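Trainee: Just so it is clear, I am handing over work-v4.txt, which has compact mmCIF, N, CA and C atoms.
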```txt
# COMPACT_ATOMS: atom_id res chain seq x y z
N MET B 435 198.70 135.49 173.04
CA MET B 435 197.46 135.38 173.75
C MET B 435 196.39 136.19 173.03
N VAL B 436 195.21 135.64 172.92
CA VAL B 436 194.10 136.30 172.25
C VAL B 436 193.34 137.16 173.25
N THR B 437 193.12 138.41 172.88
CA THR B 437 192.41 139.33 173.76
C THR B 437 190.94 139.40 173.36
N VAL B 438 190.17 140.05 174.19
CA VAL B 438 188.74 140.24 173.91
C VAL B 438 188.55 141.08 172.66
N VAL B 439 189.41 142.06 172.46
CA VAL B 439 189.33 142.92 171.28
C VAL B 439 189.55 142.09 170.01
N ASP B 440 190.49 141.14 170.05
CA ASP B 440 190.73 140.28 168.90
C ASP B 440 189.52 139.41 168.58
N VAL B 441 188.89 138.87 169.60
CA VAL B 441 187.71 138.02 169.39
C VAL B 441 186.56 138.85 168.83
N VAL B 442 186.35 140.05 169.36
CA VAL B 442 185.30 140.92 168.86
C VAL B 442 185.59 141.32 167.41
N GLY B 443 186.84 141.60 167.10
CA GLY B 443 187.22 141.92 165.72
C GLY B 443 186.95 140.77 164.77
N LEU B 444 187.26 139.55 165.19
CA LEU B 444 186.99 138.38 164.37
C LEU B 444 185.49 138.20 164.17
N LEU B 445 184.70 138.43 165.22
CA LEU B 445 183.24 138.33 165.09
C LEU B 445 182.68 139.40 164.17
N VAL B 446 183.27 140.59 164.16
CA VAL B 446 182.85 141.64 163.23
C VAL B 446 183.13 141.20 161.80
N ILE B 447 184.31 140.67 161.55
CA ILE B 447 184.65 140.19 160.21
C ILE B 447 183.70 139.08 159.78
N LEU B 448 183.42 138.14 160.67
CA LEU B 448 182.50 137.05 160.34
C LEU B 448 181.10 137.57 160.07
N GLY B 449 180.64 138.53 160.85
CA GLY B 449 179.30 139.09 160.65
C GLY B 449 179.18 139.85 159.35
N VAL B 450 180.16 140.69 159.06
CA VAL B 450 180.14 141.48 157.82
C VAL B 450 180.20 140.54 156.62
N ASN B 451 181.07 139.54 156.66
CA ASN B 451 181.19 138.62 155.53
C ASN B 451 179.96 137.75 155.37
N SER B 452 179.35 137.32 156.45
CA SER B 452 178.12 136.52 156.34
C SER B 452 176.99 137.35 155.75
N ALA B 453 176.85 138.58 156.19
CA ALA B 453 175.81 139.45 155.64
C ALA B 453 176.05 139.76 154.17
N ALA B 454 177.31 140.00 153.80
CA ALA B 454 177.63 140.26 152.40
C ALA B 454 177.34 139.04 151.53
N ALA B 455 177.68 137.87 152.02
CA ALA B 455 177.41 136.64 151.26
C ALA B 455 175.92 136.42 151.08
N ALA B 456 175.13 136.66 152.11
CA ALA B 456 173.68 136.50 152.01
C ALA B 456 173.08 137.51 151.04
N LEU B 457 173.52 138.76 151.14
CA LEU B 457 172.98 139.80 150.25
C LEU B 457 173.38 139.57 148.80
N LEU B 458 174.62 139.19 148.56
CA LEU B 458 175.05 138.94 147.19
C LEU B 458 174.36 137.72 146.60
N THR B 459 174.18 136.68 147.40
CA THR B 459 173.47 135.50 146.92
C THR B 459 172.03 135.85 146.57
N ARG B 460 171.37 136.63 147.42
CA ARG B 460 170.00 137.06 147.13
C ARG B 460 169.96 137.91 145.87
N TYR B 461 170.92 138.81 145.72
CA TYR B 461 170.96 139.66 144.53
C TYR B 461 171.09 138.82 143.27
N PHE B 462 171.98 137.83 143.27
CA PHE B 462 172.16 136.99 142.09
C PHE B 462 170.91 136.14 141.83
N ARG B 463 170.25 135.68 142.87
CA ARG B 463 169.03 134.88 142.68
C ARG B 463 167.89 135.72 142.12
N VAL B 464 167.81 136.98 142.49
CA VAL B 464 166.73 137.84 142.02
C VAL B 464 166.99 138.32 140.60
N THR B 465 168.22 138.70 140.31
CA THR B 465 168.49 139.31 139.01
C THR B 465 168.72 138.32 137.88
N LEU B 466 169.24 137.15 138.16
CA LEU B 466 169.51 136.19 137.09
C LEU B 466 168.31 135.27 136.91
N ASN B 467 168.00 134.96 135.65
CA ASN B 467 166.82 134.17 135.35
C ASN B 467 167.05 132.67 135.41
N THR B 468 168.29 132.22 135.43
CA THR B 468 168.57 130.79 135.46
C THR B 468 168.96 130.36 136.87
N GLN B 469 168.66 129.12 137.20
CA GLN B 469 169.00 128.62 138.52
C GLN B 469 170.51 128.42 138.66
N TRP B 470 171.13 127.85 137.65
CA TRP B 470 172.57 127.58 137.75
C TRP B 470 173.40 128.84 137.61
N GLY B 471 172.87 129.86 136.95
CA GLY B 471 173.61 131.11 136.83
C GLY B 471 173.83 131.77 138.17
N SER B 472 172.80 131.78 139.00
CA SER B 472 172.94 132.40 140.32
C SER B 472 173.89 131.61 141.20
N VAL B 473 173.85 130.28 141.09
CA VAL B 473 174.78 129.45 141.88
C VAL B 473 176.21 129.68 141.41
N LEU B 474 176.41 129.72 140.10
CA LEU B 474 177.75 129.91 139.55
C LEU B 474 178.32 131.27 139.94
N TYR B 475 177.51 132.32 139.79
CA TYR B 475 177.98 133.65 140.18
C TYR B 475 178.26 133.71 141.67
N SER B 476 177.41 133.08 142.47
CA SER B 476 177.62 133.09 143.92
C SER B 476 178.92 132.38 144.29
N LEU B 477 179.19 131.27 143.65
CA LEU B 477 180.41 130.52 143.99
C LEU B 477 181.68 131.16 143.47
N LEU B 478 181.56 131.97 142.42
CA LEU B 478 182.76 132.59 141.84
C LEU B 478 183.02 134.01 142.32
N LEU B 479 181.98 134.80 142.51
CA LEU B 479 182.18 136.21 142.83
C LEU B 479 182.11 136.52 144.32
N VAL B 480 181.32 135.78 145.07
CA VAL B 480 181.20 136.06 146.51
C VAL B 480 182.55 135.89 147.23
N PRO B 481 183.33 134.84 146.96
CA PRO B 481 184.63 134.75 147.66
C PRO B 481 185.57 135.92 147.36
N VAL B 482 185.49 136.47 146.16
CA VAL B 482 186.34 137.61 145.83
C VAL B 482 185.95 138.83 146.68
N VAL B 483 184.66 139.07 146.80
CA VAL B 483 184.19 140.19 147.61
C VAL B 483 184.55 139.97 149.08
N LEU B 484 184.38 138.74 149.57
CA LEU B 484 184.72 138.45 150.96
C LEU B 484 186.21 138.61 151.21
N LEU B 485 187.03 138.24 150.24
CA LEU B 485 188.48 138.43 150.37
C LEU B 485 188.82 139.91 150.49
N VAL B 486 188.17 140.74 149.71
CA VAL B 486 188.41 142.18 149.79
C VAL B 486 188.01 142.70 151.18
N PHE B 487 186.85 142.24 151.68
CA PHE B 487 186.43 142.66 153.02
C PHE B 487 187.43 142.21 154.09
N VAL B 488 187.95 141.00 153.96
CA VAL B 488 188.93 140.50 154.94
C VAL B 488 190.21 141.33 154.88
N LEU B 489 190.65 141.65 153.67
CA LEU B 489 191.86 142.46 153.54
C LEU B 489 191.67 143.86 154.12
N VAL B 490 190.51 144.45 153.87
CA VAL B 490 190.25 145.80 154.38
C VAL B 490 190.09 145.78 155.90
N LEU B 491 189.22 144.90 156.40
CA LEU B 491 188.98 144.87 157.85
C LEU B 491 190.18 144.34 158.61
N GLY B 492 190.90 143.38 158.05
CA GLY B 492 192.10 142.88 158.70
C GLY B 492 193.23 143.89 158.67
N GLY B 493 193.26 144.71 157.62
CA GLY B 493 194.28 145.75 157.52
C GLY B 493 194.06 146.85 158.54
N VAL B 494 192.81 147.04 158.94
CA VAL B 494 192.50 148.04 159.97
C VAL B 494 192.99 147.56 161.32
N GLY B 495 193.13 146.26 161.48
CA GLY B 495 193.62 145.71 162.74
C GLY B 495 192.62 144.86 163.47
N LEU B 496 191.50 144.54 162.82
CA LEU B 496 190.50 143.71 163.48
C LEU B 496 190.91 142.24 163.41
N GLY B 497 190.62 141.51 164.44
CA GLY B 497 190.82 140.06 164.44
C GLY B 497 192.20 139.65 164.91
N PRO B 498 192.29 138.41 165.41
CA PRO B 498 193.56 137.89 165.89
C PRO B 498 194.39 137.31 164.75
N ASN B 499 195.62 136.96 165.05
CA ASN B 499 196.46 136.26 164.10
C ASN B 499 196.03 134.79 164.11
N LEU B 500 195.50 134.33 162.99
CA LEU B 500 194.96 132.96 162.91
C LEU B 500 196.01 131.93 162.52
N GLY B 501 197.21 132.35 162.28
CA GLY B 501 198.27 131.39 161.97
C GLY B 501 198.59 131.35 160.49
N ASP B 502 198.09 130.33 159.80
CA ASP B 502 198.44 130.17 158.39
C ASP B 502 197.29 130.61 157.49
N ALA B 503 197.57 130.66 156.19
CA ALA B 503 196.61 131.18 155.21
C ALA B 503 195.39 130.28 155.07
N SER B 504 195.55 128.99 155.20
CA SER B 504 194.40 128.10 155.05
C SER B 504 193.39 128.30 156.18
N THR B 505 193.85 128.58 157.36
CA THR B 505 192.94 128.86 158.47
C THR B 505 192.20 130.17 158.24
N VAL B 506 192.90 131.17 157.75
CA VAL B 506 192.28 132.46 157.47
C VAL B 506 191.20 132.30 156.40
N VAL B 507 191.51 131.59 155.33
CA VAL B 507 190.54 131.39 154.25
C VAL B 507 189.35 130.59 154.76
N GLY B 508 189.59 129.55 155.53
CA GLY B 508 188.50 128.72 156.04
C GLY B 508 187.60 129.45 157.00
N VAL B 509 188.18 130.21 157.92
CA VAL B 509 187.39 130.86 158.96
C VAL B 509 186.75 132.15 158.48
N THR B 510 187.44 132.95 157.69
CA THR B 510 186.92 134.27 157.33
C THR B 510 186.28 134.34 155.96
N ILE B 511 186.43 133.31 155.12
CA ILE B 511 185.82 133.34 153.79
C ILE B 511 184.85 132.18 153.61
N LEU B 512 185.30 130.96 153.80
CA LEU B 512 184.44 129.80 153.53
C LEU B 512 183.30 129.67 154.54
N LEU B 513 183.58 129.84 155.81
CA LEU B 513 182.53 129.73 156.82
C LEU B 513 181.45 130.80 156.65
N PRO B 514 181.79 132.09 156.51
CA PRO B 514 180.74 133.09 156.29
C PRO B 514 180.01 132.90 154.96
N MET B 515 180.71 132.43 153.93
CA MET B 515 180.05 132.19 152.65
C MET B 515 179.01 131.08 152.80
N ALA B 516 179.38 130.01 153.49
CA ALA B 516 178.43 128.92 153.72
C ALA B 516 177.24 129.39 154.56
N LEU B 517 177.50 130.17 155.60
CA LEU B 517 176.40 130.69 156.44
C LEU B 517 175.49 131.64 155.66
N GLY B 518 176.07 132.53 154.90
CA GLY B 518 175.27 133.50 154.14
C GLY B 518 174.44 132.83 153.06
N MET B 519 175.04 131.90 152.33
CA MET B 519 174.29 131.21 151.28
C MET B 519 173.21 130.32 151.88
N ALA B 520 173.51 129.66 152.99
CA ALA B 520 172.50 128.82 153.65
C ALA B 520 171.34 129.68 154.15
N PHE B 521 171.65 130.85 154.68
CA PHE B 521 170.58 131.74 155.14
C PHE B 521 169.68 132.12 153.99
N ASP B 522 170.26 132.45 152.84
CA ASP B 522 169.45 132.88 151.71
C ASP B 522 168.65 131.71 151.12
N TYR B 523 169.27 130.57 150.96
CA TYR B 523 168.58 129.45 150.31
C TYR B 523 167.58 128.75 151.22
N PHE B 524 167.83 128.67 152.52
CA PHE B 524 166.97 127.88 153.39
C PHE B 524 165.98 128.70 154.21
N TRP B 525 166.32 129.94 154.57
CA TRP B 525 165.45 130.71 155.44
C TRP B 525 164.71 131.84 154.75
N GLN B 526 165.11 132.21 153.58
CA GLN B 526 164.43 133.26 152.84
C GLN B 526 163.52 132.62 151.79
N PRO B 527 162.38 133.23 151.50
CA PRO B 527 161.52 132.67 150.46
C PRO B 527 162.18 132.81 149.08
N ALA B 528 161.83 131.91 148.19
CA ALA B 528 162.37 131.97 146.83
C ALA B 528 161.90 133.26 146.16
N PRO B 529 162.70 133.83 145.26
CA PRO B 529 162.29 135.07 144.60
C PRO B 529 160.96 134.94 143.84
N GLU B 530 160.64 133.74 143.36
CA GLU B 530 159.40 133.55 142.62
C GLU B 530 158.18 133.61 143.54
N GLU B 531 158.35 133.36 144.82
CA GLU B 531 157.23 133.32 145.77
C GLU B 531 156.86 134.69 146.32
N ILE B 532 157.66 135.69 146.08
CA ILE B 532 157.42 137.02 146.64
C ILE B 532 156.51 137.80 145.70
N GLU B 533 155.42 138.36 146.26
CA GLU B 533 154.51 139.16 145.47
C GLU B 533 154.95 140.61 145.52
N LEU B 534 155.16 141.19 144.36
CA LEU B 534 155.58 142.57 144.28
C LEU B 534 154.38 143.45 143.94
N PRO B 535 154.34 144.69 144.42
CA PRO B 535 153.23 145.58 144.08
C PRO B 535 153.30 145.99 142.61
N GLU B 536 152.16 146.39 142.10
CA GLU B 536 152.10 146.90 140.73
C GLU B 536 152.91 148.19 140.64
N SER B 537 153.32 148.55 139.44
CA SER B 537 154.11 149.77 139.29
C SER B 537 153.22 150.98 139.57
N TYR B 538 153.82 152.06 139.94
CA TYR B 538 153.10 153.26 140.32
C TYR B 538 152.71 154.11 139.12
N SER B 539 153.10 153.73 137.95
CA SER B 539 152.81 154.54 136.75
C SER B 539 151.36 154.44 136.34
```
What would you get if you wrote out this structure as structure tokens?

Mentor:
Amino acid sequence: MVTVVDVVGLLVILGVNSAAAALLTRYFRVTLNTQWGSVLYSLLLVPVVLLVFVLVLGGVGLGPNLGDASTVVGVTILLPMALGMAFDYFWQPAPEEIELPESYS
């Protein structure tokens, strides 16, 4: 039986992973000069970071037993990655559209 603590733990994992995916995607979009480079880095490196977060947070005891490995990967890695990347690409302005202040020197 799933308890309230398990559901809250799963929501914490989903929130942390979604935020990490959005921040990493934004970081790659800002720092890399090519469009495909940021997409490639996001698709290859973000799942590794999310996997580490799932292992750390799941090792602490957060979240319910989801059954098999494919469910865990789908719910705790792919879903937050899709949400985080969608947040960055669709709701945040493109890095080229942001006006930065002049340097203070």

Trainee: So, counting all atoms listed in the file, which residue among B:Gly449, B:Pro498, B:Pro527, B:Gly508 is closest to B:Met435?

Mentor: B:Pro498

Trainee: Within 8 Å of (181.5, 134.5, 155.2) (file coordinates; only N, CA and C atoms), which protein or nucleic acid residues are there? I'd like them as JSON, numbers by chain.

Mentor: {"B": [447, 448, 449, 450, 451, 452, 453, 454, 455, 456, 484, 509, 510, 511, 512, 513, 514, 515, 516, 517, 518, 519]}

Trainee: Would you work out the distance separating atom CA of B:Gly497 from atom CA of B:Val446, expressed in Å to one decimal?

Mentor: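 About the pair atom CA of B:Gly497 and atom CA of B:Val446: they are 8.2 Å apart.
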
Trainee: So how many Å separate atom CA of B:Pro529 and atom CA of B:Val464, to one decimal?

Mentor: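 Separation of atom CA of B:Pro529 and atom CA of B:Val464: 5.8 Å.
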
Trainee: By how many Å are atom N of B:Leu457 and atom N of B:Asp522 apart?

Mentor: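 Those two atoms sit 7.3 Å apart.
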
Trainee: So which residues of chain B fall under alpha helix (DSSP H) by DSSP, listed as a PyMOL selection string?

Mentor: chain B and resi 438-465+469-494+503-507+513-520

Trainee: I'd like the contact shell of B:Phe462 - 7 Å cut-off, only N, CA and C atoms, skipping same-chain residues fewer than 4 positions apart - returned as a list in words.

Mentor: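 The contact residues come out as Leu457, Leu458, Leu466, Asn467, Gly471, Ser472, Val473, Tyr475 and Ser476 of chain B.
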
Trainee: I'd like to know which of B:Ala528, B:Thr459, B:Val507, B:Gly443 is closest to B:Gly495, using only N, CA and C atoms.

Mentor: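 Among B:Ala528, B:Thr459, B:Val507, B:Gly443, it is B:Gly443 that comes nearest to B:Gly495.
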
Trainee: What are the centre and the three edge lengths of an axis-aligned box that wraps all atoms of stretch 447-459 of chain B in the file, given that 8 Å is added to every side, written as AutoDock Vina command-line options and rounded to one decimal in Å?

Mentor:
```
--center_x 178.3 --center_y 138.5 --center_z 154.1 --size_x 28.6 --size_y 22.0 --size_z 31.0
```
